[in-house]
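Undergrad: I am sharing input26.cif, which consists of mmCIF, C-alpha atoms:
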data_input
loop_
_atom_site.label_atom_id
_atom_site.label_comp_id
_atom_site.auth_asym_id
_atom_site.auth_seq_id
_atom_site.Cartn_x
_atom_site.Cartn_y
_atom_site.Cartn_z
CA MET O 1 0.00 0.00 0.00
CA HIS O 2 1.05 3.53 -0.70
CA GLY O 3 0.00 6.79 0.94
CA GLU O 4 1.28 10.35 0.52
CA TYR O 5 0.76 13.52 2.49
CA LYS O 6 2.17 16.97 1.92
CA THR O 7 2.04 19.23 4.93
CA PRO O 8 0.70 22.57 3.65
CA GLY O 9 3.70 24.89 3.36
CA GLY O 10 5.90 21.92 4.28
CA LYS O 11 7.22 18.76 2.68
CA LEU O 12 5.96 15.49 1.23
CA VAL O 13 6.03 12.25 3.17
CA ILE O 14 5.36 8.89 1.49
CA VAL O 15 4.62 5.62 3.29
CA ASP O 16 4.82 2.29 1.45
CA PHE O 17 3.76 -0.79 3.43
CA ASP O 18 1.89 -4.08 3.49
CA VAL O 19 -0.90 -5.18 5.82
CA ILE O 20 -0.36 -8.77 6.88
CA ALA O 21 -2.77 -10.41 9.35
CA GLY O 22 -4.10 -6.98 10.28
CA ARG O 23 -0.71 -5.43 11.04
CA LEU O 24 1.53 -2.93 9.24
CA ARG O 25 4.54 -4.68 7.76
CA ASN O 26 7.51 -3.76 5.57
CA VAL O 27 6.96 -0.09 6.37
CA GLU O 28 9.11 2.23 4.27
CA ILE O 29 8.96 5.97 4.84
CA SER O 30 10.41 8.38 2.30
CA GLY O 31 10.04 11.96 1.11
CA ASP O 32 11.64 15.38 0.81
CA PHE O 33 11.40 16.27 4.50
CA PHE O 34 14.39 16.95 6.77
CA LEU O 35 15.38 15.08 9.89
CA TYR O 36 18.14 15.93 12.36
CA PRO O 37 20.03 13.89 13.24
CA GLU O 38 19.62 11.68 10.17
CA GLU O 39 20.58 8.60 12.23
CA GLU O 40 17.07 8.82 13.66
CA PHE O 41 15.54 7.90 10.28
CA PRO O 42 15.11 4.12 10.78
CA VAL O 43 13.08 4.84 13.93
CA LEU O 44 10.27 6.41 11.89
CA SER O 45 9.44 3.17 10.08
CA SER O 46 10.36 0.75 12.88
CA ALA O 47 7.90 2.61 15.14
CA LEU O 48 5.07 1.54 12.81
CA GLU O 49 6.29 -1.97 12.08
CA GLY O 50 3.85 -4.59 13.35
CA VAL O 51 1.33 -1.98 14.55
CA ASP O 52 -2.39 -2.88 14.41
CA ALA O 53 -3.76 -1.45 11.14
CA ASP O 54 -7.12 -0.72 12.81
CA LEU O 55 -5.67 1.92 15.14
CA ASP O 56 -6.61 5.56 14.58
CA ASP O 57 -4.29 8.27 13.22
CA GLU O 58 -3.49 9.65 16.66
CA SER O 59 -2.27 6.21 17.76
CA PHE O 60 0.02 5.90 14.71
CA ALA O 61 1.44 9.36 15.44
CA GLU O 62 1.86 8.49 19.12
CA ARG O 63 3.89 5.38 18.23
CA ILE O 64 6.31 7.53 16.24
CA ARG O 65 6.52 10.24 18.91
CA MET O 66 7.21 7.65 21.61
CA ASP O 67 10.07 6.05 19.68
CA MET O 68 11.76 9.24 18.43
CA HIS O 69 14.61 10.65 20.47
CA PRO O 70 13.32 13.76 22.28
CA ASP O 71 16.08 15.88 20.72
CA ALA O 72 15.42 14.70 17.15
CA THR O 73 13.83 17.28 14.85
CA LEU O 74 11.55 16.59 11.89
CA LEU O 75 11.25 19.56 9.53
CA GLY O 76 8.51 19.82 6.91
CA THR O 77 6.54 16.85 8.23
CA SER O 78 5.53 15.45 11.63
CA PRO O 79 4.35 12.24 13.30
CA GLU O 80 0.80 13.41 12.49
CA GLY O 81 1.75 13.94 8.84
CA ILE O 82 3.21 10.44 8.61
CA ALA O 83 0.05 9.05 10.27
CA THR O 84 -2.09 10.82 7.64
CA ALA O 85 -0.03 9.20 4.87
CA VAL O 86 -0.56 5.77 6.49
CA ARG O 87 -4.32 6.43 6.76
CA ARG O 88 -4.48 7.40 3.08
CA GLY O 89 -2.59 4.25 2.13
CA LEU O 90 -5.01 2.10 4.14
CA GLU O 91 -8.04 3.81 2.56
CA ALA O 92 -6.64 3.46 -0.97
CA GLY O 93 -5.96 -0.21 -0.21
CA LYS O 94 -9.56 -0.76 0.88
CA GLU O 95 -10.82 0.90 -2.33
CA GLU O 96 -8.73 -1.54 -4.37
CA GLU O 97 -10.21 -4.52 -2.54
CA LYS O 98 -13.76 -3.49 -3.43
CA MET N 1 3.76 31.16 -5.85
CA THR N 2 3.98 34.93 -6.23
CA ASP N 3 2.53 35.37 -2.75
CA ARG N 4 5.12 37.48 -1.03
CA SER N 5 5.20 37.60 2.75
CA PRO N 6 7.94 39.34 4.72
CA THR N 7 10.56 36.91 6.02
CA LEU N 8 13.32 37.14 8.61
CA MET N 9 15.74 38.87 6.24
CA ASP N 10 13.28 41.74 5.78
CA ASP N 11 13.93 42.80 9.36
CA PRO N 12 16.92 45.22 9.20
CA GLU N 13 18.08 44.46 12.73
CA ARG N 14 18.19 40.75 12.08
CA ARG N 15 19.94 41.31 8.77
CA ALA N 16 22.59 43.38 10.53
CA GLU N 17 23.06 40.67 13.15
CA TRP N 18 23.38 38.02 10.41
CA ALA N 19 25.98 40.17 8.62
CA ARG N 20 27.99 40.45 11.85
CA ARG N 21 27.93 36.66 12.14
CA PHE N 22 29.10 36.18 8.55
CA ARG N 23 31.92 38.69 9.10
CA SER N 24 32.99 37.09 12.40
CA VAL N 25 34.82 34.23 10.65
CA ASN N 26 37.40 33.91 7.85
CA TRP N 27 35.85 32.45 4.69
CA THR N 28 37.66 30.46 2.02
CA LEU N 29 36.47 30.10 -1.56
CA LEU N 30 37.29 26.64 -2.90
CA PRO N 31 37.90 25.68 -6.55
CA ASP N 32 35.06 24.56 -8.80
CA PRO N 33 36.42 21.91 -11.20
CA PRO N 34 33.76 19.93 -13.10
CA LEU N 35 33.27 16.74 -11.09
CA LYS N 36 31.35 13.57 -11.86
CA PRO N 37 28.11 13.41 -9.87
CA PRO N 38 29.22 10.90 -7.17
CA TYR N 39 32.31 13.06 -6.52
CA GLN N 40 30.21 16.21 -6.09
CA VAL N 41 27.95 14.68 -3.45
CA ALA N 42 30.93 13.02 -1.75
CA MET N 43 32.84 16.32 -1.64
CA ASP N 44 30.13 17.76 0.61
CA GLU N 45 30.72 15.04 3.17
CA THR N 46 34.50 15.31 2.91
CA LEU N 47 34.42 19.07 3.49
CA THR N 48 31.84 18.82 6.27
CA LEU N 49 34.10 16.43 8.15
CA SER N 50 37.32 18.41 7.58
CA THR N 51 35.49 21.53 8.78
CA ALA N 52 34.14 19.65 11.81
CA THR N 53 37.63 18.58 12.85
CA GLY N 54 39.01 22.08 12.32
CA GLU N 55 41.37 20.99 9.53
CA ARG N 56 39.87 23.83 7.55
CA GLY N 57 37.80 26.90 8.32
CA PRO N 58 34.40 27.97 6.97
CA ASN N 59 34.23 27.56 3.22
CA ILE N 60 32.12 28.07 0.17
CA ARG N 61 32.29 26.44 -3.23
CA PHE N 62 30.27 26.50 -6.43
CA TRP N 63 29.63 23.24 -8.23
CA ASN N 64 30.39 22.38 -11.84
CA TRP N 65 29.12 19.14 -13.29
CA ALA N 66 30.84 16.72 -15.63
CA ALA N 67 27.59 14.89 -16.49
CA PRO N 68 23.80 15.18 -16.17
CA CYS N 69 22.27 13.58 -13.11
CA VAL N 70 19.39 13.34 -10.68
CA VAL N 71 20.43 14.20 -7.14
CA LEU N 72 18.09 12.49 -4.69
CA GLY N 73 17.53 13.79 -1.17
CA ARG N 74 18.75 11.64 1.72
CA PHE N 75 15.29 10.23 2.50
CA GLN N 76 13.76 9.85 -0.96
CA SER N 77 13.06 6.52 -2.59
CA VAL N 78 14.22 5.93 -6.16
CA ARG N 79 10.97 4.42 -7.45
CA ASN N 80 8.79 7.19 -6.00
CA GLU N 81 10.90 10.01 -7.47
CA VAL N 82 12.48 8.93 -10.75
CA HIS N 83 11.42 7.41 -14.06
CA GLU N 84 14.51 5.22 -14.02
CA ASP N 85 14.07 3.87 -17.54
CA VAL N 86 13.93 7.37 -19.07
CA ALA N 87 16.87 8.56 -16.97
CA ALA N 88 18.96 5.58 -18.11
CA GLU N 89 17.96 6.11 -21.77
CA GLN N 90 19.08 9.74 -21.58
CA GLY N 91 22.35 8.94 -19.79
CA VAL N 92 21.23 10.67 -16.60
CA GLU N 93 22.99 9.16 -13.58
CA LEU N 94 21.36 8.77 -10.15
CA VAL N 95 23.19 9.97 -7.06
CA ARG N 96 22.10 10.55 -3.47
CA ARG N 97 23.28 13.45 -1.33
CA ILE N 98 23.72 13.52 2.45
CA SER N 99 21.04 16.16 3.09
CA GLY N 100 17.27 15.79 3.06
CA GLY N 101 14.98 17.66 0.69
CA GLY N 102 13.82 16.95 -2.84
CA ALA N 103 15.23 15.47 -6.04
CA MET N 104 16.92 17.79 -8.50
CA LEU N 105 17.46 17.21 -12.19
CA ILE N 106 20.87 18.61 -13.10
CA GLU N 107 21.96 19.53 -16.60
CA PRO N 108 25.62 20.59 -16.38
CA GLU N 109 25.16 24.16 -17.63
CA GLY N 110 21.59 24.39 -16.39
CA ALA N 111 22.09 24.71 -12.66
CA ILE N 112 23.95 26.96 -10.25
CA THR N 113 24.76 25.12 -7.02
CA TYR N 114 26.83 26.19 -4.07
CA SER N 115 27.78 24.63 -0.75
CA ILE N 116 28.66 26.44 2.43
CA VAL N 117 30.27 24.54 5.29
CA ALA N 118 30.86 26.16 8.67
CA PRO N 119 31.15 25.24 12.32
CA GLU N 120 27.71 25.06 13.91
CA SER N 121 28.82 27.82 16.28
CA LEU N 122 28.17 30.23 13.38
CA VAL N 123 24.43 29.53 13.70
CA ALA N 124 24.38 29.03 17.49
CA GLY N 125 21.03 29.98 19.00
CA MET N 126 19.24 29.92 15.64
CA SER N 127 16.37 27.55 14.85
CA PHE N 128 16.92 25.23 11.89
CA ALA N 129 14.47 27.39 9.95
CA GLU N 130 16.38 30.62 10.66
CA SER N 131 19.69 29.02 9.68
CA TYR N 132 18.27 28.08 6.26
CA GLU N 133 17.34 31.66 5.47
CA PHE N 134 20.58 32.99 7.02
CA PHE N 135 22.72 30.94 4.63
CA ASP N 136 20.70 31.99 1.56
CA SER N 137 20.17 35.67 2.42
CA TRP N 138 23.28 36.84 0.55
CA ILE N 139 22.21 34.96 -2.58
CA ILE N 140 18.81 36.69 -2.54
CA GLU N 141 20.59 40.03 -2.30
CA SER N 142 22.99 39.25 -5.12
CA LEU N 143 20.08 38.08 -7.32
CA ARG N 144 18.32 41.38 -6.66
CA GLU N 145 21.48 43.26 -7.68
CA LEU N 146 21.27 41.39 -10.99
CA GLY N 147 17.72 42.64 -11.49
CA VAL N 148 15.98 39.40 -10.51
CA ASP N 149 12.98 40.07 -8.27
CA ALA N 150 13.80 37.26 -5.84
CA TRP N 151 12.68 36.50 -2.30
CA TYR N 152 12.79 33.75 0.29
CA VAL N 153 9.97 31.31 1.04
CA PRO N 154 10.51 29.38 4.27
CA LEU N 155 11.52 26.70 4.89
CA ASN N 156 14.01 26.37 2.07
CA ASP N 157 12.90 27.92 -1.23
CA ILE N 158 14.14 30.83 -3.31
CA THR N 159 11.44 32.18 -5.57
CA SER N 160 10.81 35.21 -7.77
CA SER N 161 8.13 37.05 -9.69
CA GLY N 162 9.19 34.79 -12.59
CA GLY N 163 8.70 31.49 -10.69
CA LYS N 164 10.60 29.25 -8.31
CA ILE N 165 14.37 29.60 -8.69
CA GLY N 166 15.75 27.02 -6.30
CA GLY N 167 15.92 25.35 -2.94
CA ALA N 168 18.32 24.57 -0.12
CA ALA N 169 19.11 21.61 2.10
CA GLN N 170 21.27 21.15 5.17
CA ALA N 171 23.11 18.35 6.89
CA ARG N 172 24.89 18.52 10.23
CA ARG N 173 27.83 16.35 11.28
CA HIS N 174 29.98 16.44 14.41
CA GLY N 175 29.52 20.16 14.98
CA ALA N 176 29.69 21.35 11.37
CA VAL N 177 26.78 22.47 9.23
CA LEU N 178 26.56 21.95 5.48
CA HIS N 179 24.14 24.17 3.60
CA HIS N 180 23.78 23.73 -0.15
CA THR N 181 21.47 25.44 -2.59
CA THR N 182 20.64 24.68 -6.20
CA MET N 183 19.13 27.25 -8.55
CA ALA N 184 17.76 26.63 -12.03
CA TYR N 185 19.67 28.58 -14.69
CA SER N 186 18.14 27.02 -17.80
CA MET N 187 16.04 23.95 -18.46
CA THR N 188 15.38 21.79 -21.49
CA PRO N 189 11.59 22.07 -21.84
CA GLY N 190 9.81 18.85 -20.96
CA ARG N 191 12.84 17.12 -19.50
CA LEU N 192 11.99 17.67 -15.83
CA THR N 193 8.64 15.92 -16.04
CA GLN N 194 10.05 13.16 -18.28
CA ILE N 195 12.56 12.14 -15.66
CA LEU N 196 11.18 13.13 -12.26
CA ARG N 197 7.89 11.82 -10.87
CA ILE N 198 6.09 14.80 -9.44
CA GLY N 199 2.66 13.75 -8.24
CA LYS N 200 -0.46 15.74 -7.53
CA GLU N 201 0.06 15.53 -3.77
CA LYS N 202 3.44 17.24 -4.04
CA LEU N 203 1.84 20.23 -5.77
CA SER N 204 -1.32 20.17 -3.63
CA ASP N 205 -0.62 23.40 -1.75
CA LYS N 206 0.91 25.30 -4.67
CA GLY N 207 -2.29 26.21 -6.51
CA ILE N 208 -0.88 24.84 -9.76
CA THR N 209 -0.92 21.51 -11.53
CA SER N 210 2.40 21.40 -13.37
CA ALA N 211 5.83 21.21 -11.74
CA GLU N 212 7.45 22.73 -14.80
CA LYS N 213 5.21 25.80 -14.77
CA ARG N 214 6.31 26.34 -11.23
CA VAL N 215 9.98 26.86 -12.12
CA GLY N 216 11.43 30.19 -13.26
CA PRO N 217 14.98 29.53 -14.49
CA LEU N 218 17.33 32.52 -14.20
CA ARG N 219 17.96 32.50 -17.96
CA ASN N 220 14.33 33.58 -18.41
CA GLN N 221 14.88 36.51 -16.10
CA THR N 222 18.28 37.83 -17.10
CA ASP N 223 20.47 37.81 -20.24
CA LEU N 224 23.62 37.17 -18.19
CA ASP N 225 25.68 34.03 -18.75
CA ARG N 226 25.80 31.44 -15.98
CA ASP N 227 29.49 32.20 -15.25
CA VAL N 228 28.81 35.92 -15.00
CA ILE N 229 26.06 35.30 -12.45
CA ILE N 230 28.33 33.04 -10.39
CA GLN N 231 31.16 35.59 -10.47
CA HIS N 232 28.73 38.26 -9.32
CA MET N 233 27.59 36.08 -6.42
CA ILE N 234 31.18 35.41 -5.37
CA GLY N 235 31.97 39.13 -5.63
CA HIS N 236 28.95 40.00 -3.51
CA PHE N 237 30.00 37.57 -0.77
CA ARG N 238 33.62 38.83 -0.88
CA ASP N 239 32.57 42.48 -0.63
CA GLU N 240 30.12 41.90 2.21
CA TYR N 241 31.87 39.30 4.36
CA GLY N 242 35.41 38.79 3.06
CA LEU N 243 36.53 35.74 1.09
CA ALA N 244 40.04 34.39 0.44
CA GLU N 245 40.81 31.88 -2.30
CA GLY N 246 41.96 28.45 -1.17
CA ALA N 247 42.57 24.91 -2.38
CA PHE N 248 41.49 21.41 -1.41
CA LEU N 249 43.85 19.69 1.01
CA LYS N 250 45.73 16.61 -0.12
CA GLU N 251 44.04 14.67 2.71
CA GLU N 252 40.63 15.85 1.51
CA LEU N 253 41.22 14.58 -2.02
CA GLU N 254 42.31 11.20 -0.65
CA ASP N 255 39.27 11.10 1.60
CA LEU N 256 37.07 12.05 -1.37
CA ARG N 257 38.29 9.18 -3.54
CA GLU N 258 37.76 6.72 -0.74
CA ARG N 259 34.30 8.05 0.04
CA VAL N 260 33.22 7.77 -3.61
CA GLU N 261 34.47 4.22 -3.88
CA LYS N 262 33.12 2.96 -0.54
CA LYS N 263 29.88 4.92 -0.33
CA PHE N 264 28.65 7.40 -2.91
CA ALA N 265 29.18 5.29 -6.05
CA THR N 266 27.76 2.13 -4.44
CA ARG N 267 24.33 0.75 -5.20
CA GLU N 268 23.81 0.31 -1.48
CA TRP N 269 23.94 4.10 -0.96
CA VAL N 270 22.12 5.25 -4.10
CA TYR N 271 19.36 2.68 -3.55
CA PHE N 272 19.31 3.16 0.23
CA LEU N 273 15.56 3.51 -0.35
CA PRO N 274 14.89 1.58 -3.58
#
Translate this structure into structure tokens?
TA:
Amino acid sequence: MHGEYKTPGGKLVIVDFDVIAGRLRNVEISGDFFLYPEEEFPVLSSALEGVDADLDDESFAERIRMDMHPDATLLGTSPEGIATAVRRGLEAGKEEEK
Amino acid sequence: MTDRSPTLMDDPERRAEWARRFRSVNWTLLPDPPLKPPYQVAMDETLTLSTATGERGPNIRFWNWAAPCVVLGRFQSVRNEVHEDVAAEQGVELVRRISGGGAMLIEPEGAITYSIVAPESLVAGMSFAESYEFFDSWIIESLRELGVDAWYVPLNDITSSGGKIGGAAQARRHGAVLHHTTMAYSMTPGRLTQILRIGKEKLSDKGITSAEKRVGPLRNQTDLDRDVIIQHMIGHFRDEYGLAEGAFLKEELEDLRERVEKKFATREWVYFLP
């Protein structure tokens, strides 16, 4: 599945993933946002790996916030922005199933 | 895109404080030989590290390209950003830089790119957002001197009454900050959208539907040659903040070759996100 979200006035975030047995798997986050320090990048996708696909957006965002180092800075997107991209991917996936 | 809101650099007091910061250090202008794309992106990392260790002081360099390429941002995936088959057909190489931000299509004479590397102490106390505008403020001023009606759009864009000119990206390593900016000088019509995937979502807050319409290359806004513009920019920086000419260190060139071979030319790095 594939979802995109551009924060107005900010940057684009893209989430590619599978849903296997009701959970997010093979989560890959990409986009033209900035992240300091860059070493924090793998945390964004690992925070969502294995998460229940039925959770709401706020819960997806919370997972990312919890796992990110408190001093790490996302510029141009946010945990909420990433959650919106996941939601859009899930909705597009459901449309395809119909 | 022509919406023009005042930004930090429009505040004279802040501008004066920024100028004091720029003048507080000794700047070196580095050479600009045409380099193959993996060498250009590797050079940024080499210089960021040699600046971090204090082997060299704050520096600025303009880029010249030996070949066309797509420069991907640190966190972009190849398949989401590039029509790889078309790029390959046209001999356009893919490289990945160390900073975030968006993909750029580079035609050797079509872009003006510069890198600034400085100790982070130069931007101490600034937010990331302020530091982006700080490092591009002198370029906006030198564009205005050339008659281009340019201004800054936070977070990282340079635009003008003739369309978007360019964008910046930063990386930070071990106490040094790298800031690089690419501006469009001229573009082969149609090529951008042939090679880069620019979806509707990306343009969703721009009020337009075509990425190409969004760009306003400098060649459309001035008759000056690319080299003349670059020389003017260098002259502006030298007059305002001081700038001595320098050379790459032998150790840096060794480091560069090793970095290209072990990292920047490898599939593992370029396809870090496939």
Undergrad: Which residue, N:Pro189, N:Gly242, N:Gly147, N:Gly100, has the smallest gap to chain O when you use all atoms listed in the file?
TA: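 Checking each candidate against chain O, we get N:Gly100 as the closest.
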Undergrad: From the options O:Glu62, O:Glu40, O:Asp32, O:Asp67, which residue's atoms come nearest to chain N, counting only C-alpha atoms?
TA: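 Result for the nearest residue to chain N: O:Asp32.
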Undergrad: Quick check: residues of chain O within 12 Å of chain N, only C-alpha atoms, returned as a ChimeraX atom specification.
TA: /O:2-16,27-42,44-45,72-77,85,88
Undergrad: Starting from the shown file, work through the PyMOL selection byres ((chain O and resi 83) around 6) and note down what comes out as a list in words.
TA: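 Residues picked by the PyMOL selection byres ((chain O and resi 83) around 6): Asp57, Phe60, Ala61, Glu80, Gly81, Ile82, Thr84, Ala85 and Val86 of chain O.
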Undergrad: Using only C-alpha atoms, can you tell me which of N:Thr188, N:Thr222, N:Ser137, N:Gln40 comes closest to Thr7 (chain N)?
TA: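 Of N:Thr188, N:Thr222, N:Ser137, N:Gln40, the one nearest Thr7 (chain N), counting only C-alpha atoms, is N:Ser137.
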Undergrad: Expressed in Å to a single decimal, how great is the separation between CA of Glu252 (chain N) and CA of Asp136 (chain N)?
TA: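 These two atoms are separated by 25.6 Å.
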Undergrad: Starting from 4 Å padding per side, set up an axis-aligned box that covers all listed atoms of region 76-85 of chain O and hand over centre and edge lengths in Å, one decimal, as JSON.
TA:
{"center_x": 3.2, "center_y": 14.4, "center_z": 9.1, "size_x": 18.6, "size_y": 18.8, "size_z": 16.4}
Undergrad: Could you write out as a list in words the residues that the PyMOL selection byres ((chain N and resi 10) around 12) matches in the shown file?
TA: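 For this structure, the PyMOL selection byres ((chain N and resi 10) around 12) resolves to Arg4, Ser5, Pro6, Thr7, Leu8, Met9, Asp11, Pro12, Glu13, Arg14, Arg15, Ala16, Trp18, Glu133, Phe134, Ser137, Ile140, Glu141, Trp151, Tyr152 and Val153 of chain N.
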Undergrad: The selected residues should be written to file as a PDB file, keeping the file's coordinate frame (atoms: C-alpha atoms).
TA:
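part27.pdb, freshly written:
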ATOM      1  CA  ARG N   4       5.120  37.480  -1.030  1.00  0.00           C
ATOM      2  CA  SER N   5       5.200  37.600   2.750  1.00  0.00           C
ATOM      3  CA  PRO N   6       7.940  39.340   4.720  1.00  0.00           C
ATOM      4  CA  THR N   7      10.560  36.910   6.020  1.00  0.00           C
ATOM      5  CA  LEU N   8      13.320  37.140   8.610  1.00  0.00           C
ATOM      6  CA  MET N   9      15.740  38.870   6.240  1.00  0.00           C
ATOM      7  CA  ASP N  11      13.930  42.800   9.360  1.00  0.00           C
ATOM      8  CA  PRO N  12      16.920  45.220   9.200  1.00  0.00           C
ATOM      9  CA  GLU N  13      18.080  44.460  12.730  1.00  0.00           C
ATOM     10  CA  ARG N  14      18.190  40.750  12.080  1.00  0.00           C
ATOM     11  CA  ARG N  15      19.940  41.310   8.770  1.00  0.00           C
ATOM     12  CA  ALA N  16      22.590  43.380  10.530  1.00  0.00           C
ATOM     13  CA  TRP N  18      23.380  38.020  10.410  1.00  0.00           C
ATOM     14  CA  GLU N 133      17.340  31.660   5.470  1.00  0.00           C
ATOM     15  CA  PHE N 134      20.580  32.990   7.020  1.00  0.00           C
ATOM     16  CA  SER N 137      20.170  35.670   2.420  1.00  0.00           C
ATOM     17  CA  ILE N 140      18.810  36.690  -2.540  1.00  0.00           C
ATOM     18  CA  GLU N 141      20.590  40.030  -2.300  1.00  0.00           C
ATOM     19  CA  TRP N 151      12.680  36.500  -2.300  1.00  0.00           C
ATOM     20  CA  TYR N 152      12.790  33.750   0.290  1.00  0.00           C
ATOM     21  CA  VAL N 153       9.970  31.310   1.040  1.00  0.00           C
TER      22      VAL N 153
END
Undergrad: Excluding Arg191 (chain N) and residues on its chain fewer than 4 positions from it, collect all residues at most 10 Å away from it, counting all atoms listed in the file, and give them as a ChimeraX atom specification.
TA: /N:86-87,90,105,107,187,195-196,212
Undergrad: To one decimal place, how far is CA of Val71 (chain N) from CA of Arg97 (chain N) in Å?
TA: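 Separation between CA of Val71 (chain N) and CA of Arg97 (chain N): 6.5 Å.
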Undergrad: Mind pulling up the distance from CA of Gly166 (chain N) to CA of Leu122 (chain N)?
TA: 23.5 Å
Undergrad: Can you spell out as a short mmCIF file (atom, residue, chain, number, x, y, z; two decimals) with C-alpha atoms, in the frame of the given file the set of residues that the PyMOL selection byres ((chain N and resi 58-65) around 8) selects in the structure I just provided?
TA:
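Printed below is out_30.cif as written:
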data_model
loop_
_atom_site.label_atom_id
_atom_site.label_comp_id
_atom_site.auth_asym_id
_atom_site.auth_seq_id
_atom_site.Cartn_x
_atom_site.Cartn_y
_atom_site.Cartn_z
CA VAL N 25 34.82 34.23 10.65
CA ASN N 26 37.40 33.91 7.85
CA TRP N 27 35.85 32.45 4.69
CA THR N 28 37.66 30.46 2.02
CA LEU N 29 36.47 30.10 -1.56
CA LEU N 30 37.29 26.64 -2.90
CA PRO N 31 37.90 25.68 -6.55
CA ASP N 32 35.06 24.56 -8.80
CA PRO N 33 36.42 21.91 -11.20
CA PRO N 34 33.76 19.93 -13.10
CA LEU N 35 33.27 16.74 -11.09
CA LYS N 36 31.35 13.57 -11.86
CA PRO N 37 28.11 13.41 -9.87
CA GLN N 40 30.21 16.21 -6.09
CA THR N 51 35.49 21.53 8.78
CA ARG N 56 39.87 23.83 7.55
CA GLY N 57 37.80 26.90 8.32
CA ALA N 66 30.84 16.72 -15.63
CA ALA N 67 27.59 14.89 -16.49
CA PRO N 68 23.80 15.18 -16.17
CA GLU N 107 21.96 19.53 -16.60
CA PRO N 108 25.62 20.59 -16.38
CA GLU N 109 25.16 24.16 -17.63
CA ILE N 112 23.95 26.96 -10.25
CA THR N 113 24.76 25.12 -7.02
CA TYR N 114 26.83 26.19 -4.07
CA SER N 115 27.78 24.63 -0.75
CA ILE N 116 28.66 26.44 2.43
CA VAL N 117 30.27 24.54 5.29
CA ALA N 118 30.86 26.16 8.67
CA PRO N 119 31.15 25.24 12.32
CA ILE N 230 28.33 33.04 -10.39
#
Undergrad: Determine the nearest neighbour of Arg21 (chain N) from the options N:Asp44, N:Glu240, N:Glu145, N:Glu93, counting all atoms listed in the file.
TA: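 Result for the nearest residue to Arg21 (chain N): N:Glu240.
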Undergrad: Report as a list in words all protein, DNA and RNA residues lying within 9 Å of Val51 (chain O), evaluated on all atoms listed in the file, omitting residues in the same chain fewer than 5 positions from it.
TA: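 Contacts, in chain order: Gly22, Arg23, Leu24, Arg25, Phe60 and Arg63 of chain O.
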Undergrad: Include C-alpha atoms and write out the residues we just selected as a short mmCIF file (atom, residue, chain, number, x, y, z; two decimals), in the coordinates of the input.
TA:
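Writing the result to again34.cif gives the following:
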data_model
loop_
_atom_site.label_atom_id
_atom_site.label_comp_id
_atom_site.auth_asym_id
_atom_site.auth_seq_id
_atom_site.Cartn_x
_atom_site.Cartn_y
_atom_site.Cartn_z
CA GLY O 22 -4.10 -6.98 10.28
CA ARG O 23 -0.71 -5.43 11.04
CA LEU O 24 1.53 -2.93 9.24
CA ARG O 25 4.54 -4.68 7.76
CA PHE O 60 0.02 5.90 14.71
CA ARG O 63 3.89 5.38 18.23
#
Undergrad: Looking at only C-alpha atoms, which of N:His236, N:Leu178, N:Gln231, N:Ala168 is the one that sits closest to Arg144 (chain N)?
TA: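 Once distances to Arg144 (chain N) are computed over only C-alpha atoms, the minimum belongs to N:His236.
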Undergrad: My list of candidates is N:His174, N:Arg197, N:Arg238, N:Lys263. Which is closest to Leu49 (chain N) when distances are computed with all atoms listed in the file?
TA: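 So, comparing all the options, the nearest one is N:His174.
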Undergrad: Could I get region 14-23 of chain N rebuilt with N, CA and C atoms, written as a compact mmCIF listing (two decimals), in the frame of the given file?
TA:
# COMPACT_ATOMS: atom_id res chain seq x y z
N ARG N 14 17.75 42.13 12.21
CA ARG N 14 18.19 40.75 12.08
C ARG N 14 19.23 40.62 10.97
N ARG N 15 18.97 41.34 9.87
CA ARG N 15 19.94 41.31 8.77
C ARG N 15 21.31 41.78 9.24
N ALA N 16 21.32 42.83 10.04
CA ALA N 16 22.59 43.38 10.53
C ALA N 16 23.28 42.35 11.44
N GLU N 17 22.49 41.67 12.25
CA GLU N 17 23.06 40.67 13.15
C GLU N 17 23.63 39.49 12.34
N TRP N 18 22.89 39.09 11.29
CA TRP N 18 23.38 38.02 10.41
C TRP N 18 24.70 38.43 9.76
N ALA N 19 24.76 39.69 9.29
CA ALA N 19 25.98 40.17 8.62
C ALA N 19 27.16 40.13 9.59
N ARG N 20 26.91 40.52 10.84
CA ARG N 20 27.99 40.45 11.85
C ARG N 20 28.47 39.01 12.01
N ARG N 21 27.53 38.08 12.01
CA ARG N 21 27.93 36.66 12.14
C ARG N 21 28.79 36.24 10.95
N PHE N 22 28.32 36.56 9.74
CA PHE N 22 29.10 36.18 8.55
C PHE N 22 30.50 36.76 8.61
N ARG N 23 30.61 38.02 9.09
CA ARG N 23 31.92 38.69 9.10
C ARG N 23 32.81 38.22 10.25
